[in-house]
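Trainee: Sharing run_11.cif, mmCIF, C-alpha atoms and all ligand atoms:
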```
data_upload
#
loop_
_atom_site.label_atom_id
_atom_site.label_comp_id
_atom_site.auth_asym_id
_atom_site.auth_seq_id
_atom_site.Cartn_x
_atom_site.Cartn_y
_atom_site.Cartn_z
CA MET K 265 49.42 -48.94 -99.70
CA LEU K 266 51.52 -47.30 -97.00
CA THR K 267 50.92 -44.20 -94.89
CA ASP K 268 53.82 -41.93 -93.95
CA THR K 269 52.48 -40.79 -90.58
CA HIS K 270 55.16 -38.16 -89.99
CA CYS K 271 56.78 -35.92 -92.57
CA HIS K 272 57.61 -32.22 -92.81
CA LEU K 273 56.61 -31.20 -96.33
CA PHE K 274 57.08 -27.46 -95.82
CA TYR K 275 60.88 -27.32 -96.02
CA ASP K 276 62.22 -25.94 -99.31
CA ASP K 277 63.90 -29.13 -100.62
CA ILE K 278 60.59 -30.97 -100.51
CA LYS K 279 58.13 -28.11 -100.99
CA ASN K 280 59.75 -26.87 -104.21
CA ASP K 281 59.54 -30.33 -105.75
CA LEU K 282 56.34 -31.60 -104.14
CA PRO K 283 54.50 -33.03 -107.19
CA ASN K 284 57.58 -35.13 -108.03
CA VAL K 285 58.13 -36.11 -104.41
CA LEU K 286 54.53 -37.37 -104.22
CA LYS K 287 54.85 -39.16 -107.56
CA ARG K 288 57.99 -40.98 -106.39
CA ALA K 289 56.15 -41.87 -103.16
CA GLU K 290 53.27 -43.36 -105.12
CA ASP K 291 55.73 -45.43 -107.17
CA LEU K 292 57.11 -46.81 -103.89
CA GLY K 293 53.59 -47.63 -102.62
CA VAL K 294 53.15 -44.71 -100.21
CA ASP K 295 49.93 -42.83 -100.83
CA ARG K 296 48.89 -41.04 -97.63
CA PHE K 297 50.87 -38.49 -95.66
CA ILE K 298 50.58 -36.66 -92.37
CA CYS K 299 52.40 -33.35 -92.61
CA VAL K 300 53.49 -32.57 -89.06
CA ALA K 301 54.00 -29.03 -87.75
CA THR K 302 56.88 -27.87 -85.56
CA ASN K 303 55.46 -24.40 -84.76
CA VAL K 304 52.32 -22.36 -85.42
CA GLU K 305 53.74 -20.81 -88.61
CA ASP K 306 54.55 -24.06 -90.38
CA ALA K 307 51.27 -25.53 -89.07
CA LYS K 308 49.56 -23.03 -91.39
CA GLU K 309 51.61 -24.46 -94.27
CA CYS K 310 50.45 -27.96 -93.27
CA LEU K 311 46.85 -26.76 -93.33
CA ASP K 312 47.31 -25.23 -96.80
CA LEU K 313 48.76 -28.52 -98.09
CA THR K 314 45.78 -30.47 -96.74
CA LYS K 315 43.55 -28.18 -98.81
CA ALA K 316 45.62 -28.67 -101.96
CA TYR K 317 45.91 -32.50 -101.76
CA ASP K 318 43.25 -35.02 -100.74
CA ASN K 319 45.81 -37.51 -99.44
CA ILE K 320 47.74 -35.09 -97.23
CA TYR K 321 46.56 -34.63 -93.64
CA GLY K 322 48.05 -32.20 -91.14
CA SER K 323 48.82 -31.46 -87.51
CA ALA K 324 49.28 -28.26 -85.51
CA GLY K 325 51.58 -27.91 -82.54
CA VAL K 326 54.87 -26.71 -81.10
CA HIS K 327 58.04 -28.84 -81.14
CA PRO K 328 60.14 -28.87 -77.94
CA HIS K 329 62.94 -27.03 -79.80
CA ASP K 330 60.47 -24.28 -80.74
CA SER K 331 58.76 -24.07 -77.37
CA LYS K 332 60.90 -21.15 -76.14
CA ASP K 333 59.79 -19.12 -79.17
CA ALA K 334 56.08 -20.01 -79.05
CA PRO K 335 54.10 -16.80 -79.51
CA GLU K 336 51.88 -15.69 -76.64
CA ASP K 337 48.74 -16.62 -78.54
CA TYR K 338 49.94 -20.07 -79.64
CA VAL K 339 47.10 -21.89 -77.85
CA ASP K 340 44.41 -19.89 -79.68
CA ARG K 341 46.24 -20.38 -82.94
CA ILE K 342 46.40 -24.16 -82.49
CA TYR K 343 42.67 -24.22 -81.79
CA ASP K 344 42.00 -22.15 -84.94
CA LEU K 345 44.20 -24.37 -87.13
CA MET K 346 42.60 -27.54 -85.74
CA GLU K 347 39.14 -26.45 -86.86
CA SER K 348 39.65 -28.08 -90.25
CA ASP K 349 38.74 -31.80 -90.41
CA SER K 350 41.94 -32.45 -92.37
CA MET K 351 44.00 -31.49 -89.30
CA VAL K 352 44.07 -34.83 -87.53
CA ALA K 353 46.46 -34.46 -84.57
CA VAL K 354 48.09 -32.03 -82.18
CA GLY K 355 51.88 -31.93 -82.40
CA GLU K 356 54.60 -32.43 -82.71
CA MET K 357 55.08 -31.71 -79.03
CA GLY K 358 57.22 -33.32 -76.35
CA LEU K 359 60.66 -33.20 -74.75
CA ASP K 360 64.16 -33.18 -76.21
CA TYR K 361 66.84 -33.28 -73.51
CA PHE K 362 69.49 -34.33 -76.04
CA ARG K 363 69.68 -30.93 -77.70
CA ASN K 364 67.88 -28.88 -75.03
CA LEU K 365 67.30 -26.00 -77.44
CA SER K 366 64.57 -24.78 -75.10
CA ASP K 367 64.84 -24.75 -71.32
CA PRO K 368 63.45 -28.07 -69.95
CA GLN K 369 60.88 -26.27 -67.80
CA ILE K 370 59.54 -24.40 -70.83
CA GLN K 371 59.48 -27.66 -72.80
CA LYS K 372 57.41 -29.31 -70.08
CA ASP K 373 54.97 -26.39 -69.78
CA VAL K 374 54.35 -26.23 -73.53
CA PHE K 375 54.02 -30.03 -73.71
CA ARG K 376 51.43 -30.10 -70.90
CA THR K 377 49.48 -27.23 -72.45
CA GLN K 378 49.23 -29.08 -75.76
CA MET K 379 48.19 -32.31 -74.00
CA SER K 380 45.28 -30.29 -72.54
CA ILE K 381 44.36 -29.05 -76.02
CA SER K 382 44.28 -32.65 -77.29
CA LYS K 383 42.10 -33.68 -74.42
CA GLU K 384 39.73 -30.78 -75.05
CA LEU K 385 39.54 -31.50 -78.81
CA ASN K 386 39.55 -35.27 -78.41
CA LYS K 387 42.35 -35.53 -81.00
CA PRO K 388 45.46 -37.72 -80.79
CA VAL K 389 48.91 -36.28 -80.07
CA ILE K 390 52.15 -36.78 -81.95
CA PHE K 391 55.00 -36.63 -79.47
CA HIS K 392 58.77 -36.36 -79.81
CA ASN K 393 60.99 -37.82 -77.10
CA ARG K 394 64.74 -37.68 -76.99
CA ASP K 395 66.57 -38.68 -73.81
CA ALA K 396 63.48 -37.82 -71.78
CA ASP K 397 61.74 -41.18 -71.25
CA GLN K 398 60.84 -40.68 -67.59
CA ASP K 399 59.43 -37.17 -67.87
CA VAL K 400 57.51 -38.04 -71.04
CA VAL K 401 55.90 -41.09 -69.40
CA SER K 402 55.01 -39.03 -66.35
CA ILE K 403 53.39 -36.20 -68.37
CA LEU K 404 51.46 -38.66 -70.60
CA SER K 405 50.21 -40.35 -67.42
CA GLU K 406 48.69 -37.06 -66.25
CA PHE K 407 46.31 -37.20 -69.25
CA PRO K 408 44.78 -40.69 -69.23
CA ASP K 409 42.09 -39.69 -71.77
CA VAL K 410 44.63 -38.74 -74.43
CA ILE K 411 46.21 -41.17 -76.89
CA GLY K 412 48.54 -40.74 -79.82
CA VAL K 413 51.89 -41.80 -81.18
CA ALA K 414 55.49 -41.99 -79.98
CA HIS K 415 57.03 -40.65 -83.18
CA CYS K 416 60.49 -41.74 -84.36
CA PHE K 417 60.69 -44.19 -81.51
CA SER K 418 64.29 -44.67 -80.36
CA SER K 419 64.03 -45.74 -76.69
CA ASN K 420 64.17 -49.23 -75.16
CA LEU K 421 61.53 -51.96 -74.96
CA GLU K 422 60.56 -51.09 -71.39
CA THR K 423 59.63 -47.55 -72.46
CA ALA K 424 57.76 -48.84 -75.52
CA GLU K 425 55.73 -51.09 -73.24
CA LYS K 426 54.85 -48.16 -70.98
CA PHE K 427 53.67 -46.11 -73.97
CA ILE K 428 51.58 -49.03 -75.23
CA GLU K 429 50.05 -49.51 -71.79
CA LEU K 430 49.05 -45.83 -71.84
CA GLY K 431 47.26 -46.42 -75.17
CA TYR K 432 49.91 -45.07 -77.55
CA TYR K 433 51.17 -46.36 -80.89
CA ILE K 434 54.87 -46.76 -81.65
CA SER K 435 56.10 -45.22 -84.90
CA PHE K 436 59.34 -46.34 -86.52
CA SER K 437 61.37 -44.19 -88.89
CA GLY K 438 64.54 -44.70 -90.95
CA ASN K 439 66.63 -45.29 -87.85
CA LEU K 440 65.06 -48.77 -87.67
CA THR K 441 67.19 -49.60 -90.74
CA PHE K 442 70.50 -48.23 -89.45
CA LYS K 443 73.36 -50.64 -88.92
CA ASN K 444 73.83 -51.76 -85.29
CA SER K 445 70.49 -50.25 -84.24
CA HIS K 446 68.86 -51.77 -81.14
CA LEU K 447 65.45 -50.98 -82.64
CA PRO K 448 64.81 -54.20 -84.63
CA GLU K 449 64.93 -56.14 -81.34
CA VAL K 450 62.38 -53.73 -79.87
CA ALA K 451 60.14 -53.76 -82.96
CA LYS K 452 60.01 -57.55 -82.84
CA GLN K 453 58.33 -57.43 -79.41
CA ILE K 454 55.71 -54.85 -80.28
CA PRO K 455 52.25 -56.03 -81.32
CA LEU K 456 51.67 -55.16 -85.00
CA GLY K 457 48.36 -53.56 -84.05
CA ARG K 458 50.33 -50.77 -82.39
CA ILE K 459 52.97 -50.05 -85.04
CA LEU K 460 53.08 -47.12 -87.46
CA VAL K 461 55.66 -46.17 -90.09
CA GLU K 462 57.02 -42.72 -90.85
CA THR K 463 59.96 -40.99 -92.50
CA ASP K 464 60.35 -37.73 -90.51
CA SER K 465 61.35 -36.29 -93.93
CA PRO K 466 63.54 -34.41 -94.68
CA TYR K 467 65.48 -36.00 -91.78
CA LEU K 468 66.67 -39.53 -91.02
CA SER K 469 66.78 -41.05 -94.48
CA PRO K 470 66.77 -44.86 -94.24
CA VAL K 471 69.29 -47.29 -95.69
CA PRO K 472 69.98 -47.39 -98.70
CA HIS K 473 69.65 -43.59 -98.86
CA ARG K 474 71.19 -42.74 -95.49
CA GLY K 475 72.60 -39.20 -95.26
CA LYS K 476 70.50 -37.78 -98.11
CA THR K 477 67.44 -35.54 -97.93
CA ASN K 478 64.67 -37.90 -96.94
CA GLU K 479 61.28 -38.00 -98.63
CA PRO K 480 57.96 -39.69 -97.79
CA GLY K 481 58.25 -42.56 -100.31
CA ARG K 482 61.03 -44.00 -98.21
CA ALA K 483 58.50 -45.10 -95.59
CA ARG K 484 58.64 -48.13 -97.90
CA PHE K 485 62.11 -49.07 -96.60
CA VAL K 486 60.95 -48.85 -92.99
CA ALA K 487 58.03 -51.13 -93.84
CA GLU K 488 60.36 -53.56 -95.64
CA LYS K 489 62.51 -53.74 -92.52
CA LEU K 490 59.41 -54.48 -90.41
CA SER K 491 58.47 -57.15 -92.90
CA ASP K 492 61.88 -58.83 -92.33
CA ILE K 493 61.64 -58.46 -88.57
CA HIS K 494 58.10 -59.83 -88.26
CA GLY K 495 58.48 -62.37 -91.06
CA LEU K 496 55.40 -61.16 -92.92
CA PRO K 497 54.93 -60.05 -96.53
CA LEU K 498 55.32 -56.32 -97.18
CA GLU K 499 51.68 -56.07 -98.31
CA ARG K 500 50.54 -57.35 -94.93
CA ILE K 501 52.71 -54.81 -93.07
CA ALA K 502 51.32 -52.06 -95.33
CA GLU K 503 47.76 -53.16 -94.67
CA ILE K 504 48.18 -53.36 -90.90
CA THR K 505 50.12 -50.12 -90.41
CA SER K 506 47.78 -48.17 -92.69
CA LYS K 507 44.77 -49.53 -90.83
CA ASN K 508 46.41 -48.46 -87.55
CA ALA K 509 46.90 -44.95 -88.98
CA THR K 510 43.28 -44.83 -90.16
CA GLU K 511 42.05 -45.81 -86.72
CA LEU K 512 44.30 -43.56 -84.66
CA PHE K 513 43.95 -40.42 -86.78
CA GLY K 514 40.45 -41.03 -88.13
CA LEU K 515 41.69 -40.64 -91.73
ZN ZN K 601 60.49 -35.19 -83.87
ZN ZN K 602 59.34 -34.46 -86.98
#
```
Hey, can you dump this file as structure tokens for me?

Mentor:
Amino acid sequence: MLTDTHCHLFYDDIKNDLPNVLKRAEDLGVDRFICVATNVEDAKECLDLTKAYDNIYGSAGVHPHDSKDAPEDYVDRIYDLMESDSMVAVGEMGLDYFRNLSDPQIQKDVFRTQMSISKELNKPVIFHNRDADQDVVSILSEFPDVIGVAHCFSSNLETAEKFIELGYYISFSGNLTFKNSHLPEVAKQIPLGRILVETDSPYLSPVPHRGKTNEPGRARFVAEKLSDIHGLPLERIAEITSKNATELFGL
């Protein structure tokens, strides 16, 4: 069975239909989910979902877009939320220079602060990186004790190799399936022991559902693409990527 290591289950489209969303996921062979926070408010919703469902895990953190609006007490609040064993990672955090919704300096400060929290808690991070390869690599390098995952990986092979060297996993989402994507060539070169699958639901729906509201079951299509790329049966890809998720997040 597959693990969707990155989905946002607290947005209305998904939340209001969650039992059906999870049923459809099960039918597609996806039976574990990490509900990833983008700010301290929705992190509380992640925590509540982990209490309601045995197969949903959560994270707490502040997305680069949200970093300018992080409340003054966000560090304390992340620590509080992370007290539950079902909260398995800090994030999503990171840098997004494509949209720059927060000032880059604020993004970097909030990213570094959350890396320190991970170090302190000995929990993995989930990071977001858009058009910020160099700065992300340099901040990760400041925290050699911390590991985690490059979520929705979309950079080149050289960057993937740097992340792997630093101890990180590479997570592929629906954009691996998009026509003309450079990502299959990258995925081919990455050791299977370092690959995770995710949907980033409700965003980035894979082919054949591109453009629609995404949901966690579609991690299946990402895994099918990896199965083509690596020339291995889907069951084997499911087994390996789920084992990777178990090891990284201690599920
Ligand atoms: Zn993201
Ligand atoms: Zn996300």

Trainee: Just the number, please: distance in Å from CA of Leu430 in chain K to CA of Arg458 in chain K, one decimal.

Mentor: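 If I compute the distance from CA of Leu430 in chain K to CA of Arg458 in chain K, I get 11.7 Å.
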
Trainee: Write out as a VMD selection string each polymer residue (protein, DNA or RNA) that has an atom no more than 7 Å from ligand ZN 601 (chain K), with all atoms listed in the file counted.

Mentor: chain K and resid 356 392 415 to 416

Trainee: Given 5 Å on each side, where is the centre and what are the edge lengths in Å to one decimal of the axis-aligned box enclosing the listed atoms of range 468-471 of chain K, as lines of an AutoDock Vina configuration file?

Mentor:
```
center_x = 68.0
center_y = -43.4
center_z = -93.4
size_x = 12.6
size_y = 17.8
size_z = 14.7
```

Trainee: Could you list the protein, DNA and RNA residues that have any atom within 7 Å of ligand ZN 602 (chain K), counting all atoms listed in the file, and write them as a PyMOL selection string?

Mentor: chain K and resi 270-272+300+356+464

Trainee: Could you tell me which of K:Ser437, K:Thr267, K:Ser445, K:Gln453 comes closest to Tyr321 in chain K if we count all atoms listed in the file?

Mentor: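 Counting all atoms listed in the file, the residue closest to Tyr321 in chain K is K:Thr267.
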
Trainee: Could you pull the residues within 10 Å of Arg341 in chain K, counting all atoms listed in the file, minus those fewer than 3 positions along the same chain, as an mmCIF file with C-alpha atoms, in the frame of the given file?

Mentor:
```cif
data_model
loop_
_atom_site.group_PDB
_atom_site.id
_atom_site.type_symbol
_atom_site.label_atom_id
_atom_site.label_comp_id
_atom_site.auth_asym_id
_atom_site.auth_seq_id
_atom_site.Cartn_x
_atom_site.Cartn_y
_atom_site.Cartn_z
ATOM 1 C CA VAL K 304 52.320 -22.360 -85.420
ATOM 2 C CA GLU K 305 53.740 -20.810 -88.610
ATOM 3 C CA ALA K 307 51.270 -25.530 -89.070
ATOM 4 C CA LYS K 308 49.560 -23.030 -91.390
ATOM 5 C CA ALA K 324 49.280 -28.260 -85.510
ATOM 6 C CA GLY K 325 51.580 -27.910 -82.540
ATOM 7 C CA PRO K 335 54.100 -16.800 -79.510
ATOM 8 C CA GLU K 336 51.880 -15.690 -76.640
ATOM 9 C CA ASP K 337 48.740 -16.620 -78.540
ATOM 10 C CA TYR K 338 49.940 -20.070 -79.640
ATOM 11 C CA ASP K 344 42.000 -22.150 -84.940
ATOM 12 C CA LEU K 345 44.200 -24.370 -87.130
ATOM 13 C CA MET K 346 42.600 -27.540 -85.740
#
```

Trainee: Restricting the calculation to all atoms listed in the file: of K:Gly358, K:Pro448, K:Pro388, K:Pro466, which residue gets closest to Ile493 in chain K?

Mentor: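 Once distances to Ile493 in chain K are computed over all atoms listed in the file, the minimum belongs to K:Pro448.
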
Trainee: Within 9 Å of range 469-488 of chain K, which residues of range 388-454 of chain K come that close, and what is the closest atom pair and distance in Å for each? Count all atoms listed in the file and give it as JSON lines.

Mentor:
```
{"residue": "K:Phe436", "atom": "CA", "partner": "K:Val486", "partner_atom": "CA", "distance": 7.1}
{"residue": "K:Ser437", "atom": "CA", "partner": "K:Val486", "partner_atom": "CA", "distance": 6.2}
{"residue": "K:Gly438", "atom": "CA", "partner": "K:Pro470", "partner_atom": "CA", "distance": 4.0}
{"residue": "K:Asn439", "atom": "CA", "partner": "K:Pro470", "partner_atom": "CA", "distance": 6.4}
{"residue": "K:Leu440", "atom": "CA", "partner": "K:Val486", "partner_atom": "CA", "distance": 6.7}
{"residue": "K:Thr441", "atom": "CA", "partner": "K:Val471", "partner_atom": "CA", "distance": 5.9}
{"residue": "K:Phe442", "atom": "CA", "partner": "K:Val471", "partner_atom": "CA", "distance": 6.4}
{"residue": "K:Lys443", "atom": "CA", "partner": "K:Val471", "partner_atom": "CA", "distance": 8.6}
```
